[in-house]
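Enquirer: Input: one structure, supplied below.
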Amino acid sequence: MRERAARFRWTWPRRIALAAVLVIVVPVLTAGIALRLNYSGDPGDNTRTRGRDAIWLGHAWVDGRKTDADLAAFAARIEGTGIKDLYVHAGPLEHDGTLPADRCPRAGWLIDAVHRTLPGIRVQAWLGDVLATEGPDGLRLERAGSRTAVVASARQVLDAGFDGVHFDLEPLHSGDRNYLSLLDDLRALTGARRAQLSVAAHQIDPLPAAHRVVGVLSGGSQKWWSQKFFGQVARRVDQIAVMSYDTWMPLEGLFGGYVAQQTALALEVTPRDTDLLMGLPFFHENDLGHHESAETVAAAVRGTRLGLGRTDRDRERFGVALYVDFAAREGDWTAYRRGWN
């Protein structure tokens with residue numbers, strides 16, 4: 001009897017541990033297999049550049065560090081590619097939504113030089129700030145005065161000659177009605193000016209309500225947007241660029257399959273008169289969220305092409321966005337050219 005009781009005491013903890021492992025490991029393995037299968041196949045024809053690509057450019061282009069020689073080298077670099085829009089870092093915004101007048105003293109030089117030497121290329125002011133959604137400091141979109149100041153900052157850069165405004169506000173939680181209200185006000189401004197309004201967007205829930213689950217488990221932090229919210233944002237802008245990197249994926253095949261999934265989810269809810277751009281990781285870091293051996297430009301391009309080919313092969317207002325110029329290596333540019341152009 002004692003031996004049976006002892007076996008019972010040892011057996012049940014093991015069973016519970018095994019059950020816990022199965023509950024955690026099996027869904028992860030299943031998702032991994034699904035993503036790897038999503039990366040298989042042939043993208044096929046008509047899944048390359050439409051001439052609507054973009055690149056994020058660092059602050060050096062507007063603060064005096066870049067010269068005519070740098071611009072000439074950049075022009076040679078993008079010749080023959082589909083790059084049409086330059087998101088030039090003109091911020092950051094102050095936490096009250098304002099933009100100091102001296103933040104980008106050489107903006108006029110850059111805009112004039114690009115318009116003169118790169119006809120057809122648009123120069124957009126990249127503005128952003130940390131939002132006070134997961135900490136005490138940052139821009140508070142719930143304050144009407146802050147939203148008004150952000151619109152005034154957009155008017156300020158348009159007055160300076162920029163062809164549009166590109167916003168990157170993070171971390172932005174799914175369903176934020178104040179953000180949608182801000183986009184409505186910004187669209188009224190850019191529409192009247194015939195200027196571009198574009199935004200950097202969070203990734204879409206890879207599983208239903210993933211953003212809610214992560215929010216509960218992390219105490220409020222959210223990584224993804226719901227597909228519904230992504231569509232609400234996309235309907236309010238001229239361009240939406242998915243930050244389809246920093247995915248936590250440990251292997252290249254999983255990352256490529258994830259990008260293919262993200263491309264399909266975004267295509268399903270982005271209006272056909274809005275440019276949808278998928279982000280390419282032109283940077284190299286190794287941390288929990290980003291593994292440079294996995295998140296390669298080649299895998300991102302292939303995943304983008306697979307998602308496009310399966311979901312909306314004939315979509316014209318579609319492209320990729322390169323993040324970011326100052327961290328890019330020669331291999332990134334080569335992979336972009338070979339895979340997409």
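Ordering of the structure tokens sets the chain letters (A, B, ...), residue numbers begin anew at 1 in every chain, and ligands are numbered from 1 in the order given.
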Identify, with DSSP run on backbone atoms, the residues in region 45-159 of chain A assigned to helix (DSSP H, G or I), and express the list as a PyMOL selection string.
Expert: chain A and resi 59-61+68-78+107-117+144-159
Enquirer: Write out as a VMD selection string each polymer residue whose atoms come within 12 Å of Leu57 (chain A), counting only C-alpha atoms; drop sequence neighbours fewer than 3 positions from it.
Expert: chain A and resid 54 60 to 62 66 71 74 85 to 91 110 123 to 127 166 282 321 to 328
Enquirer: Just the selected residues (N, CA and C atoms), exported as a PDB file, in the first residue's frame, please.
Expert:
```
ATOM      1  N   ALA A  54       9.557  52.566 -50.399  1.00  0.00           N
ATOM      2  CA  ALA A  54       9.982  53.695 -49.563  1.00  0.00           C
ATOM      3  C   ALA A  54      11.197  53.285 -48.751  1.00  0.00           C
ATOM      4  N   ALA A  60      20.562  62.642 -40.060  1.00  0.00           N
ATOM      5  CA  ALA A  60      21.754  63.270 -40.642  1.00  0.00           C
ATOM      6  C   ALA A  60      21.447  63.986 -41.954  1.00  0.00           C
ATOM      7  N   TRP A  61      20.366  63.598 -42.624  1.00  0.00           N
ATOM      8  CA  TRP A  61      20.022  64.225 -43.903  1.00  0.00           C
ATOM      9  C   TRP A  61      19.467  65.640 -43.733  1.00  0.00           C
ATOM     10  N   VAL A  62      19.056  66.011 -42.539  1.00  0.00           N
ATOM     11  CA  VAL A  62      18.462  67.343 -42.361  1.00  0.00           C
ATOM     12  C   VAL A  62      19.141  68.165 -41.275  1.00  0.00           C
ATOM     13  N   LYS A  66      24.965  65.600 -43.864  1.00  0.00           N
ATOM     14  CA  LYS A  66      25.000  65.090 -45.234  1.00  0.00           C
ATOM     15  C   LYS A  66      25.273  66.227 -46.218  1.00  0.00           C
ATOM     16  N   LEU A  71      24.268  62.844 -51.286  1.00  0.00           N
ATOM     17  CA  LEU A  71      23.034  62.702 -52.044  1.00  0.00           C
ATOM     18  C   LEU A  71      23.298  62.067 -53.408  1.00  0.00           C
ATOM     19  N   PHE A  74      23.698  58.437 -52.839  1.00  0.00           N
ATOM     20  CA  PHE A  74      22.396  57.830 -52.554  1.00  0.00           C
ATOM     21  C   PHE A  74      21.579  57.690 -53.833  1.00  0.00           C
ATOM     22  N   ASP A  85       9.370  57.039 -52.224  1.00  0.00           N
ATOM     23  CA  ASP A  85       9.188  57.910 -51.064  1.00  0.00           C
ATOM     24  C   ASP A  85      10.359  57.804 -50.104  1.00  0.00           C
ATOM     25  N   LEU A  86      10.798  58.966 -49.620  1.00  0.00           N
ATOM     26  CA  LEU A  86      11.831  59.047 -48.600  1.00  0.00           C
ATOM     27  C   LEU A  86      11.181  59.521 -47.305  1.00  0.00           C
ATOM     28  N   TYR A  87      11.230  58.699 -46.266  1.00  0.00           N
ATOM     29  CA  TYR A  87      10.741  59.100 -44.948  1.00  0.00           C
ATOM     30  C   TYR A  87      11.940  59.642 -44.173  1.00  0.00           C
ATOM     31  N   VAL A  88      12.084  60.950 -44.154  1.00  0.00           N
ATOM     32  CA  VAL A  88      13.280  61.580 -43.583  1.00  0.00           C
ATOM     33  C   VAL A  88      12.991  62.016 -42.141  1.00  0.00           C
ATOM     34  N   HIS A  89      13.833  61.552 -41.222  1.00  0.00           N
ATOM     35  CA  HIS A  89      13.598  61.833 -39.801  1.00  0.00           C
ATOM     36  C   HIS A  89      13.726  63.324 -39.525  1.00  0.00           C
ATOM     37  N   ALA A  90      12.601  63.965 -39.266  1.00  0.00           N
ATOM     38  CA  ALA A  90      12.565  65.404 -39.010  1.00  0.00           C
ATOM     39  C   ALA A  90      12.190  65.707 -37.568  1.00  0.00           C
ATOM     40  N   GLY A  91      11.912  64.707 -36.767  1.00  0.00           N
ATOM     41  CA  GLY A  91      11.534  64.874 -35.383  1.00  0.00           C
ATOM     42  C   GLY A  91      12.726  64.658 -34.464  1.00  0.00           C
ATOM     43  N   LEU A 110      17.775  69.610 -48.567  1.00  0.00           N
ATOM     44  CA  LEU A 110      17.483  68.247 -48.994  1.00  0.00           C
ATOM     45  C   LEU A 110      16.296  68.207 -49.949  1.00  0.00           C
ATOM     46  N   VAL A 123       9.642  63.554 -50.775  1.00  0.00           N
ATOM     47  CA  VAL A 123      10.341  63.671 -49.494  1.00  0.00           C
ATOM     48  C   VAL A 123       9.304  63.923 -48.406  1.00  0.00           C
ATOM     49  N   GLN A 124       9.141  62.958 -47.531  1.00  0.00           N
ATOM     50  CA  GLN A 124       8.177  63.082 -46.451  1.00  0.00           C
ATOM     51  C   GLN A 124       8.904  63.276 -45.117  1.00  0.00           C
ATOM     52  N   ALA A 125       8.330  64.093 -44.260  1.00  0.00           N
ATOM     53  CA  ALA A 125       8.900  64.338 -42.932  1.00  0.00           C
ATOM     54  C   ALA A 125       8.465  63.224 -41.990  1.00  0.00           C
ATOM     55  N   TRP A 126       9.439  62.504 -41.492  1.00  0.00           N
ATOM     56  CA  TRP A 126       9.184  61.406 -40.545  1.00  0.00           C
ATOM     57  C   TRP A 126       9.151  61.993 -39.135  1.00  0.00           C
ATOM     58  N   LEU A 127       7.954  61.994 -38.533  1.00  0.00           N
ATOM     59  CA  LEU A 127       7.751  62.521 -37.191  1.00  0.00           C
ATOM     60  C   LEU A 127       7.289  61.402 -36.269  1.00  0.00           C
ATOM     61  N   HIS A 166       5.039  61.516 -42.450  1.00  0.00           N
ATOM     62  CA  HIS A 166       5.027  60.106 -42.072  1.00  0.00           C
ATOM     63  C   HIS A 166       5.125  60.018 -40.551  1.00  0.00           C
ATOM     64  N   PHE A 282      16.536  46.444 -42.787  1.00  0.00           N
ATOM     65  CA  PHE A 282      17.864  46.909 -43.200  1.00  0.00           C
ATOM     66  C   PHE A 282      18.677  47.309 -41.963  1.00  0.00           C
ATOM     67  N   ALA A 321       9.128  48.775 -47.699  1.00  0.00           N
ATOM     68  CA  ALA A 321       9.755  49.941 -47.075  1.00  0.00           C
ATOM     69  C   ALA A 321      11.014  49.477 -46.355  1.00  0.00           C
ATOM     70  N   LEU A 322      12.133  50.139 -46.605  1.00  0.00           N
ATOM     71  CA  LEU A 322      13.447  49.723 -46.132  1.00  0.00           C
ATOM     72  C   LEU A 322      13.798  50.468 -44.845  1.00  0.00           C
ATOM     73  N   TYR A 323      14.015  49.721 -43.759  1.00  0.00           N
ATOM     74  CA  TYR A 323      14.366  50.333 -42.484  1.00  0.00           C
ATOM     75  C   TYR A 323      15.730  49.809 -42.034  1.00  0.00           C
ATOM     76  N   VAL A 324      16.737  50.644 -42.039  1.00  0.00           N
ATOM     77  CA  VAL A 324      16.836  52.074 -42.176  1.00  0.00           C
ATOM     78  C   VAL A 324      18.155  52.327 -42.890  1.00  0.00           C
ATOM     79  N   ASP A 325      18.339  53.479 -43.524  1.00  0.00           N
ATOM     80  CA  ASP A 325      19.515  53.696 -44.385  1.00  0.00           C
ATOM     81  C   ASP A 325      20.842  53.611 -43.649  1.00  0.00           C
ATOM     82  N   PHE A 326      20.949  54.190 -42.458  1.00  0.00           N
ATOM     83  CA  PHE A 326      22.249  54.291 -41.794  1.00  0.00           C
ATOM     84  C   PHE A 326      22.729  52.971 -41.194  1.00  0.00           C
ATOM     85  N   ALA A 327      21.863  51.963 -41.115  1.00  0.00           N
ATOM     86  CA  ALA A 327      22.272  50.660 -40.587  1.00  0.00           C
ATOM     87  C   ALA A 327      22.400  49.602 -41.675  1.00  0.00           C
ATOM     88  N   ALA A 328      22.091  49.970 -42.930  1.00  0.00           N
ATOM     89  CA  ALA A 328      22.082  48.994 -44.016  1.00  0.00           C
ATOM     90  C   ALA A 328      23.492  48.566 -44.404  1.00  0.00           C
TER      91      ALA A 328
END
```
Enquirer: Just want the 12 Å neighbourhood of region 141-154 of chain A, counted on only C-alpha atoms, with same-chain residues fewer than 6 positions away dropped. Output as JSON, numbers by chain.
Expert: {"A": [90, 91, 92, 93, 94, 95, 96, 97, 98, 99, 100, 101, 103, 124, 125, 126, 127, 128, 129, 130, 131, 132, 133, 160, 161, 162, 163, 164, 165, 166, 167, 169, 170, 171, 172, 173, 176, 177, 178, 179, 180, 181, 182, 183, 184, 185, 186, 187, 188, 189, 190, 193, 195, 196, 197, 198]}
Enquirer: Tell me, in Å to one decimal, how far CA of Arg194 (chain A) is from CA of Arg236 (chain A).
Expert: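 Result for CA of Arg194 (chain A) versus CA of Arg236 (chain A): 14.5 Å, one decimal.
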Enquirer: Closest to Ala264 (chain A) among A:His290, A:Arg310, A:Arg106, A:His202, using only C-alpha atoms?
Expert: A:Arg310
Enquirer: Using only C-alpha atoms, find the one residue out of A:Asn38, A:Thr81, A:Ser174, A:Thr270 that sits nearest to Phe318 (chain A).
Expert: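 With only C-alpha atoms as the atom set, the closest residue is A:Thr270.
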Enquirer: Skipping near chain neighbours, those fewer than 2 positions away, what residues fall within 8 Å of Arg305 (chain A) using only C-alpha atoms, listed as a ChimeraX atom specification?
Expert: /A:43,47-48,260,301-303,307-309
Enquirer: Determine, counting only C-alpha atoms, which protein, DNA and RNA residues have an atom within 9 Å of an atom of Thr247 (chain A); residues of the same chain fewer than 3 positions away are not included. Present the result as a list in words.
Expert: Gln203, Ser244, Pro250, Phe255, Tyr258, Gly289, His290, His291 and Glu295 of chain A
Enquirer: Deliver the residues from the most recent selection as a file, using all heavy atoms, as an mmCIF file, in the first residue's frame.
Expert:
```cif
data_model
loop_
_atom_site.group_PDB
_atom_site.id
_atom_site.type_symbol
_atom_site.label_atom_id
_atom_site.label_comp_id
_atom_site.auth_asym_id
_atom_site.auth_seq_id
_atom_site.Cartn_x
_atom_site.Cartn_y
_atom_site.Cartn_z
ATOM 1 N N GLN A 203 2.406 45.245 -36.295
ATOM 2 C CA GLN A 203 1.995 44.003 -36.946
ATOM 3 C C GLN A 203 0.572 43.640 -36.525
ATOM 4 O O GLN A 203 0.044 44.156 -35.545
ATOM 5 C CB GLN A 203 2.978 42.890 -36.566
ATOM 6 C CG GLN A 203 4.392 43.132 -37.050
ATOM 7 C CD GLN A 203 5.436 42.423 -36.222
ATOM 8 O OE1 GLN A 203 5.202 41.340 -35.687
ATOM 9 N NE2 GLN A 203 6.608 43.034 -36.078
ATOM 10 N N SER A 244 7.233 45.052 -40.212
ATOM 11 C CA SER A 244 7.242 43.580 -40.206
ATOM 12 C C SER A 244 8.638 43.039 -39.912
ATOM 13 O O SER A 244 9.204 42.252 -40.678
ATOM 14 C CB SER A 244 6.713 43.043 -41.542
ATOM 15 O OG SER A 244 7.191 43.787 -42.650
ATOM 16 N N PRO A 250 13.076 32.862 -34.495
ATOM 17 C CA PRO A 250 14.474 32.434 -34.346
ATOM 18 C C PRO A 250 15.107 31.890 -35.619
ATOM 19 O O PRO A 250 16.323 31.752 -35.681
ATOM 20 C CB PRO A 250 14.373 31.329 -33.292
ATOM 21 C CG PRO A 250 13.023 30.715 -33.534
ATOM 22 C CD PRO A 250 12.133 31.851 -33.970
ATOM 23 N N PHE A 255 10.565 33.259 -39.987
ATOM 24 C CA PHE A 255 10.395 34.690 -40.227
ATOM 25 C C PHE A 255 9.746 34.936 -41.587
ATOM 26 O O PHE A 255 8.802 35.717 -41.700
ATOM 27 C CB PHE A 255 11.741 35.397 -40.150
ATOM 28 C CG PHE A 255 11.705 36.842 -40.586
ATOM 29 C CD1 PHE A 255 10.966 37.780 -39.891
ATOM 30 C CD2 PHE A 255 12.412 37.258 -41.711
ATOM 31 C CE1 PHE A 255 10.917 39.114 -40.296
ATOM 32 C CE2 PHE A 255 12.381 38.577 -42.120
ATOM 33 C CZ PHE A 255 11.632 39.512 -41.421
ATOM 34 N N TYR A 258 6.175 34.084 -41.471
ATOM 35 C CA TYR A 258 5.445 35.091 -40.693
ATOM 36 C C TYR A 258 5.177 36.335 -41.542
ATOM 37 O O TYR A 258 4.069 36.890 -41.520
ATOM 38 C CB TYR A 258 6.255 35.450 -39.456
ATOM 39 C CG TYR A 258 5.606 36.453 -38.531
ATOM 40 C CD1 TYR A 258 4.693 36.043 -37.564
ATOM 41 C CD2 TYR A 258 5.908 37.807 -38.610
ATOM 42 C CE1 TYR A 258 4.102 36.964 -36.702
ATOM 43 C CE2 TYR A 258 5.325 38.729 -37.760
ATOM 44 C CZ TYR A 258 4.421 38.300 -36.803
ATOM 45 O OH TYR A 258 3.822 39.218 -35.971
ATOM 46 N N GLY A 289 13.837 40.180 -29.436
ATOM 47 C CA GLY A 289 12.846 40.441 -30.482
ATOM 48 C C GLY A 289 13.367 40.315 -31.893
ATOM 49 O O GLY A 289 12.590 40.154 -32.834
ATOM 50 N N HIS A 290 14.694 40.420 -32.063
ATOM 51 C CA HIS A 290 15.248 40.440 -33.426
ATOM 52 C C HIS A 290 16.526 39.606 -33.494
ATOM 53 O O HIS A 290 17.483 39.869 -32.759
ATOM 54 C CB HIS A 290 15.556 41.887 -33.842
ATOM 55 C CG HIS A 290 16.138 42.010 -35.215
ATOM 56 N ND1 HIS A 290 15.351 42.169 -36.340
ATOM 57 C CD2 HIS A 290 17.419 41.994 -35.652
ATOM 58 C CE1 HIS A 290 16.126 42.264 -37.408
ATOM 59 N NE2 HIS A 290 17.389 42.146 -37.019
ATOM 60 N N HIS A 291 16.511 38.608 -34.378
ATOM 61 C CA HIS A 291 17.691 37.789 -34.627
ATOM 62 C C HIS A 291 18.120 38.027 -36.070
ATOM 63 O O HIS A 291 17.409 37.657 -37.002
ATOM 64 C CB HIS A 291 17.377 36.313 -34.404
ATOM 65 C CG HIS A 291 16.854 36.001 -33.027
ATOM 66 N ND1 HIS A 291 17.678 35.879 -31.934
ATOM 67 C CD2 HIS A 291 15.594 35.818 -32.570
ATOM 68 C CE1 HIS A 291 16.954 35.611 -30.859
ATOM 69 N NE2 HIS A 291 15.675 35.578 -31.216
ATOM 70 N N GLU A 295 15.968 37.255 -39.378
ATOM 71 C CA GLU A 295 15.246 38.356 -40.026
ATOM 72 C C GLU A 295 16.124 38.971 -41.120
ATOM 73 O O GLU A 295 16.678 40.059 -40.970
ATOM 74 C CB GLU A 295 14.829 39.395 -38.985
ATOM 75 C CG GLU A 295 13.824 38.842 -37.987
ATOM 76 C CD GLU A 295 13.101 39.915 -37.198
ATOM 77 O OE1 GLU A 295 13.165 41.093 -37.588
ATOM 78 O OE2 GLU A 295 12.461 39.577 -36.190
#
```
Enquirer: Quick one: distance from CA of Phe230 (chain A) to CA of Phe283 (chain A) in Å, one decimal?
Expert: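 CA of Phe283 (chain A) lies at a distance of 24.9 Å from CA of Phe230 (chain A).
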Enquirer: So, counting only C-alpha atoms, which residue among A:Trp225, A:Trp56, A:Tyr336, A:Trp248 is closest to Leu265 (chain A)?
Expert: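 Closest residue, counting only C-alpha atoms: A:Trp225.
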Enquirer: CA of Leu280 (chain A) and CA of Gln156 (chain A) are how many Å apart?
Expert: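 We find that CA of Leu280 (chain A) and CA of Gln156 (chain A) lie 29.4 Å from each other.
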Enquirer: Go through A:Pro119, A:Gly319, A:Gly80, A:Gly191 one by one, measure the shortest atom-to-atom distance of each to Thr304 (chain A) using only C-alpha atoms, and give the residue with the smallest value.
Expert: A:Gly319
